[in-house]
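Raw contents of input_14.txt, compact mmCIF, C-alpha atoms:
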```
# COMPACT_ATOMS: atom_id res chain seq x y z
CA MET K 1 -34.11 -3.93 -50.72
CA PRO K 2 -30.75 -5.62 -51.56
CA CYS K 3 -29.45 -8.16 -49.07
CA ALA K 4 -26.29 -6.12 -48.44
CA ALA K 5 -28.36 -3.08 -47.51
CA LYS K 6 -30.52 -5.18 -45.18
CA SER K 7 -27.40 -6.58 -43.53
CA ALA K 8 -25.96 -3.08 -43.03
CA LEU K 9 -29.22 -1.83 -41.55
CA GLY K 10 -29.36 -4.83 -39.27
CA ALA K 11 -25.83 -4.16 -37.96
CA LEU K 12 -26.69 -0.49 -37.44
CA ALA K 13 -29.83 -1.42 -35.51
CA ALA K 14 -27.84 -3.79 -33.34
CA LEU K 15 -25.37 -1.01 -32.54
CA LEU K 16 -28.16 1.38 -31.62
CA LEU K 17 -29.90 -1.22 -29.45
CA ALA K 18 -26.75 -2.45 -27.70
CA PRO K 19 -26.58 -1.77 -23.93
CA SER K 20 -25.31 1.69 -23.03
CA PRO K 21 -22.18 1.92 -20.82
CA THR K 22 -22.75 2.58 -17.13
CA VAL K 23 -20.75 5.47 -15.66
CA GLY K 24 -18.57 4.31 -12.76
CA GLU K 25 -19.31 0.61 -13.46
CA TYR K 26 -16.80 -1.70 -11.84
CA PHE K 27 -16.52 -5.50 -11.71
CA PRO K 28 -13.69 -7.32 -9.89
CA ASP K 29 -11.46 -9.75 -11.76
CA LEU K 30 -12.27 -13.44 -11.25
CA LEU K 31 -9.81 -16.24 -10.35
CA LEU K 32 -10.83 -19.69 -11.62
CA LYS K 33 -10.16 -22.91 -9.67
CA GLY K 34 -11.58 -26.45 -9.71
CA ALA K 35 -11.13 -27.57 -13.34
CA CYS K 36 -10.48 -31.29 -13.93
CA ASP K 37 -7.10 -32.64 -15.08
CA ALA K 38 -8.04 -32.56 -18.76
CA ALA K 39 -8.80 -28.83 -18.44
CA SER K 40 -6.19 -28.01 -15.79
CA PHE K 41 -4.83 -25.21 -18.00
CA LEU K 42 -7.89 -23.21 -16.89
CA ASN K 43 -6.92 -23.35 -13.20
CA GLY K 44 -5.40 -20.12 -11.95
CA LEU K 45 -6.57 -18.03 -14.90
CA ARG K 46 -7.57 -14.47 -14.08
CA PHE K 47 -10.67 -13.28 -15.97
CA GLU K 48 -11.23 -9.56 -16.54
CA MET K 49 -14.60 -8.03 -17.43
CA LYS K 50 -14.51 -6.71 -20.99
CA GLY K 51 -18.00 -5.28 -21.28
CA ARG K 52 -21.62 -6.38 -21.68
CA THR K 53 -23.26 -8.44 -24.40
CA TYR K 54 -26.50 -7.59 -26.22
CA SER K 55 -28.52 -9.13 -23.35
CA GLY K 56 -26.81 -6.83 -20.84
CA ALA K 57 -24.84 -9.65 -19.18
CA PRO K 58 -21.13 -9.07 -18.42
CA TRP K 59 -18.53 -11.06 -20.35
CA PHE K 60 -14.95 -11.84 -19.36
CA LYS K 61 -11.60 -12.68 -20.98
CA ALA K 62 -8.58 -14.36 -19.40
CA THR K 63 -5.72 -11.86 -19.00
CA THR K 64 -3.08 -14.30 -20.34
CA SER K 65 -4.93 -16.40 -22.94
CA ALA K 66 -7.89 -16.47 -25.35
CA ASN K 67 -10.44 -18.01 -22.97
CA TYR K 68 -13.82 -16.46 -22.18
CA ILE K 69 -16.76 -16.58 -19.77
CA TYR K 70 -20.14 -15.26 -20.95
CA TRP K 71 -23.91 -15.79 -20.62
CA ASP K 72 -25.83 -17.14 -23.63
CA PRO K 73 -29.65 -17.45 -23.57
CA ASP K 74 -29.59 -20.05 -26.37
CA CYS K 75 -26.17 -21.45 -27.35
CA GLY K 76 -27.62 -23.54 -30.20
CA GLY K 77 -29.43 -20.58 -31.75
CA GLY K 78 -32.70 -22.49 -32.31
CA GLY K 79 -34.79 -20.27 -30.07
CA ASP K 80 -35.63 -22.96 -27.51
CA GLY K 81 -32.30 -23.39 -25.74
CA GLN K 82 -31.46 -23.33 -22.02
CA PRO K 83 -29.89 -20.06 -20.73
CA ARG K 84 -26.45 -20.75 -19.29
CA TRP K 85 -23.03 -19.43 -18.38
CA ILE K 86 -20.36 -20.72 -20.77
CA LEU K 87 -16.59 -21.22 -20.43
CA ASP K 88 -15.09 -21.38 -23.92
CA ASN K 89 -12.14 -20.44 -26.15
CA ASN K 90 -14.35 -18.59 -28.68
CA GLU K 91 -14.93 -14.87 -28.14
CA PRO K 92 -18.62 -13.96 -27.90
CA ASP K 93 -20.23 -11.60 -30.41
CA ILE K 94 -21.69 -8.88 -28.19
CA LEU K 95 -24.18 -7.82 -30.91
CA LYS K 96 -25.86 -11.23 -31.15
CA LEU K 97 -28.97 -12.12 -29.16
CA ARG K 98 -28.23 -15.88 -29.03
CA ASP K 99 -25.54 -18.40 -30.09
CA LEU K 100 -22.91 -15.78 -29.26
CA ASP K 101 -19.97 -17.81 -30.63
CA GLY K 102 -21.81 -18.32 -33.94
CA ASP K 103 -21.11 -22.05 -34.34
CA GLY K 104 -24.79 -23.10 -34.38
CA ARG K 105 -24.25 -25.64 -31.60
CA CYS K 106 -23.44 -25.84 -27.91
CA ASP K 107 -19.74 -26.64 -27.91
CA TYR K 108 -17.56 -25.36 -25.04
CA TYR K 109 -15.25 -26.32 -22.15
CA ALA K 110 -17.94 -26.09 -19.47
CA ARG K 111 -21.41 -24.69 -18.82
CA MET K 112 -23.64 -23.85 -15.88
CA ASP K 113 -27.40 -23.54 -16.54
CA SER K 114 -28.80 -20.34 -15.04
CA THR K 115 -31.33 -17.62 -15.78
CA ASP K 116 -29.37 -15.17 -13.62
CA LYS K 117 -27.23 -13.16 -16.03
CA SER K 118 -25.98 -10.57 -13.50
CA ARG K 119 -22.66 -12.42 -12.93
CA PRO K 120 -21.16 -15.93 -12.97
CA PRO K 121 -21.73 -17.77 -9.67
CA THR K 122 -18.90 -17.51 -7.16
CA SER K 123 -18.92 -21.24 -6.37
CA THR K 124 -21.16 -23.93 -7.87
CA PHE K 125 -21.11 -27.12 -9.94
CA TRP K 126 -20.43 -26.82 -13.69
CA MET K 127 -20.73 -29.54 -16.31
CA MET K 128 -17.19 -29.80 -17.74
CA ARG K 129 -15.64 -31.84 -20.52
CA CYS K 130 -12.85 -33.85 -18.93
CA GLY K 131 -11.83 -36.19 -21.75
CA GLY K 132 -14.70 -38.67 -21.54
CA VAL K 133 -17.81 -39.06 -23.67
CA LYS K 134 -20.03 -37.33 -21.13
CA ALA K 135 -19.43 -34.09 -19.26
CA GLU K 136 -18.56 -34.35 -15.59
CA SER K 137 -19.89 -32.27 -12.72
CA ARG K 138 -17.12 -30.13 -11.21
CA LEU K 139 -17.18 -27.58 -8.38
CA ILE K 140 -15.82 -24.41 -9.99
CA THR K 141 -14.98 -21.29 -7.98
CA LEU K 142 -14.68 -17.81 -9.48
CA ALA K 143 -13.32 -15.78 -6.59
CA ASP K 144 -13.17 -11.96 -6.68
CA ILE K 145 -9.62 -10.60 -6.75
CA THR K 146 -8.53 -7.54 -4.74
CA THR K 147 -5.10 -5.90 -4.50
CA THR K 148 -3.21 -5.49 -1.19
CA LEU K 149 -0.56 -2.79 -0.78
CA THR K 150 1.99 -3.10 2.08
CA THR K 151 4.26 -0.20 3.11
CA THR K 152 7.25 -0.57 5.48
CA THR K 153 9.03 2.43 7.09
CA MET K 154 12.47 2.17 8.79
CA THR K 155 13.73 4.86 11.24
CA SER K 156 17.32 4.86 12.67
CA THR K 157 18.81 7.00 15.53
CA SER K 158 22.36 7.13 17.02
CA THR K 159 23.81 8.24 20.44
CA THR K 160 27.40 9.43 21.24
CA VAL K 161 28.92 9.36 24.78
CA SER K 162 32.11 11.52 25.48
CA THR K 163 34.47 11.10 28.54
CA THR K 164 37.22 13.65 29.54
CA THR K 165 40.12 12.93 32.03
CA ILE K 166 42.43 15.71 33.40
CA SER K 167 45.76 14.89 35.23
CA SER K 168 48.09 17.42 37.02
CA THR K 169 51.81 16.95 37.91
CA SER K 170 53.78 19.45 40.07
CA THR K 171 57.60 19.39 40.82
CA SER K 172 59.42 21.81 43.23
CA SER K 173 63.02 22.11 44.61
CA THR K 174 64.36 23.97 47.63
CA THR K 175 67.79 25.75 47.67
CA THR K 176 69.67 26.58 50.93
CA LYS K 177 71.94 29.68 51.11
CA THR K 178 74.95 29.33 53.43
CA SER K 179 77.26 32.21 54.58
CA THR K 180 80.61 31.70 56.46
CA SER K 181 82.56 34.55 58.32
CA THR K 182 86.12 34.24 59.80
CA THR K 183 87.81 36.88 62.12
CA SER K 184 91.59 36.95 63.17
CA THR K 185 92.98 39.35 65.84
CA THR K 186 96.74 40.25 66.68
CA LYS K 187 98.29 42.75 68.97
CA SER K 188 99.57 45.10 66.32
CA SER K 189 96.68 45.01 64.01
CA THR K 190 93.45 43.39 63.42
CA THR K 191 92.74 41.65 60.17
CA SER K 192 89.28 40.72 59.32
CA THR K 193 88.64 38.17 56.61
CA ALA K 194 85.20 37.50 55.53
CA THR K 195 84.33 34.65 53.27
CA SER K 196 80.95 34.51 51.85
CA THR K 197 79.40 31.79 49.85
CA THR K 198 76.63 32.60 47.58
CA ALA K 199 74.31 29.78 46.93
CA THR K 200 72.64 29.31 43.61
CA PHE K 201 68.87 29.04 43.59
CA THR K 202 67.56 26.62 41.21
CA GLY K 203 63.87 26.46 40.73
CA THR K 204 61.91 23.91 38.85
CA SER K 205 58.60 25.14 37.58
CA SER K 206 55.50 23.09 37.96
CA THR K 207 54.10 21.46 34.92
CA ILE K 208 50.45 20.71 34.54
CA SER K 209 49.47 18.42 31.74
CA SER K 210 45.95 17.85 30.65
CA THR K 211 44.96 14.79 28.74
CA THR K 212 41.59 14.46 27.18
CA SER K 213 40.35 11.20 25.80
CA THR K 214 37.09 10.83 23.98
CA THR K 215 35.28 7.55 23.58
CA SER K 216 32.41 7.39 21.13
CA TYR K 217 29.69 4.78 21.51
CA THR K 218 27.22 4.44 18.73
CA GLY K 219 23.97 2.61 19.24
CA THR K 220 21.29 2.00 16.65
CA SER K 221 17.63 1.90 17.50
CA THR K 222 15.32 0.68 14.77
CA THR K 223 11.61 1.32 14.60
CA ARG K 224 9.64 -0.76 12.11
CA THR K 225 6.22 0.41 11.08
CA THR K 226 4.10 -1.74 8.81
CA SER K 227 0.84 -0.55 7.39
CA THR K 228 -1.42 -2.66 5.22
CA THR K 229 -3.92 -1.08 2.89
CA THR K 230 -6.39 -3.02 0.79
CA THR K 231 -7.06 -1.20 -2.45
CA THR K 232 -9.63 -2.25 -5.03
CA LEU K 233 -8.57 -1.36 -8.55
CA MET K 234 -11.15 0.71 -10.39
CA LYS K 235 -11.60 -0.16 -14.07
CA LEU K 236 -14.28 0.94 -16.51
CA ARG K 237 -15.24 -0.86 -19.72
CA LEU K 238 -16.92 1.26 -22.41
CA THR K 239 -19.53 -0.45 -24.59
CA GLY K 240 -22.55 0.63 -26.60
CA VAL K 241 -21.02 3.60 -28.45
CA CYS K 242 -22.53 4.92 -31.69
CA PRO K 243 -21.09 3.87 -35.09
CA TYR K 244 -19.28 7.18 -35.58
CA LYS K 245 -17.25 6.60 -32.38
CA TYR K 246 -16.95 2.82 -32.66
CA PHE K 247 -13.17 3.02 -32.13
CA LEU K 248 -14.04 3.63 -28.47
CA GLU K 249 -15.98 0.34 -28.22
CA GLY K 250 -14.50 -2.06 -25.66
CA LEU K 251 -11.82 0.30 -24.33
CA THR K 252 -10.72 -0.29 -20.74
CA PHE K 253 -10.27 2.85 -18.65
CA ILE K 254 -8.05 2.46 -15.53
CA GLN K 255 -8.14 4.87 -12.59
CA GLU K 256 -5.01 7.04 -12.49
CA GLY K 257 -5.73 9.10 -9.38
CA TYR K 258 -7.95 11.89 -7.99
CA THR K 259 -8.54 15.49 -9.06
CA ALA K 260 -8.37 18.44 -6.64
CA SER K 261 -12.10 18.06 -6.01
CA GLY K 262 -11.65 14.43 -4.93
CA ALA K 263 -13.19 12.91 -8.08
CA ARG K 264 -11.52 9.93 -9.78
CA TRP K 265 -9.98 10.30 -13.25
CA PHE K 266 -9.24 7.54 -15.75
CA LYS K 267 -6.98 6.80 -18.73
CA ALA K 268 -7.57 4.26 -21.51
CA ALA K 269 -5.33 1.21 -21.14
CA GLU K 270 -2.98 0.08 -23.91
CA ASP K 271 -4.16 -2.72 -26.18
CA GLU K 272 -3.32 -6.19 -24.89
```
In structure tokens, write the structure found in this file.
Amino acid sequence: MPCAAKSALGALAALLLAPSPTVGEYFPDLLLKGACDAASFLNGLRFEMKGRTYSGAPWFKATTSANYIYWDPDCGGGGDGQPRWILDNNEPDILKLRDLDGDGRCDYYARMDSTDKSRPPTSTFWMMRCGGVKAESRLITLADITTTLTTTTMTSTSTTVSTTTISSTSTSSTTTKTSTSTTSTTKSSTTSTATSTTATFTGTSSTISSTTSTTSYTGTSTTRTTSTTTTTLMKLRLTGVCPYKYFLEGLTFIQEGYTASGARWFKAAEDE
């Protein structure tokens, strides 16, 4: 059989034997701290799970740079190597059984010998290259990252107070009517003269005035309600698809919400 055909069959076999994706699988992002000064660019990097390698171990990539964490059973590829977690700038080949970066040697930023491939340790000592001839032991932490959502609600109310004042003024005048009568008598005749005076009545009507004044007082009462909800982001990484659907390999599906039945639904994320 030609070498090219053997190579193609080997790649096909690797695809068929690769780990199948796990429905609902979720792994939190990891935050790295503790690197030495020579590798301080690694401090604060956030590593996101990208899938699983041929061995079934999870592998991670930094969200802002080409740096990786993965488990390799034999980084030299000779068949007698020490299984270990590796921190490196070379992306692992998920279809390889050993020497995942394909360089034929154990060359990396840091390593931590372990037969446990379920996940990188949360906090332990790694052997790290810090500029010297020999690697140095450094306490590296890979803390799980969760997301916290804080909601603040403001409520405002106002009160108005109204005051009314009424005043009344009354004015009156009194008029006196006077009448005068004069009588004169003689022997031959009697003359009667009557003088009357008619007084004029002047009245002043009462006036009532009403004054209304309104004073508005506005007060503001504020109620502050703070609720804190811790939400863990749900992400799914698809690996192990067949060759005919290989364009789906490695896609990240992010939870978008819930259906009417309460089940989660996901959408593939855009390429980074």
Calculate how many Å separate atom CA of Tyr109 of chain K from atom CA of Lys61 of chain K, rounding to one decimal. 14.2 Å
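When all atoms listed in the file are used to measure the gap to Leu97 of chain K, the shortest distance among K:Met128, K:Arg138, K:Thr63, K:Tyr54 belongs to K:Tyr54.
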Would you compute the distance between atom CA of Phe266 of chain K and atom CA of Phe253 of chain K? Give it in Å to one decimal. 5.6 Å
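Taking atom CA of Thr122 of chain K as the reference point, atom CA of Asp103 of chain K is found at 27.6 Å.
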Kindly provide, as a ChimeraX atom specification, the polymer residues lying within 7 Å of (-8.3, -19.1, -13.1), counting only C-alpha atoms and using the coordinates exactly as they appear in the file. /K:31-33,42-47
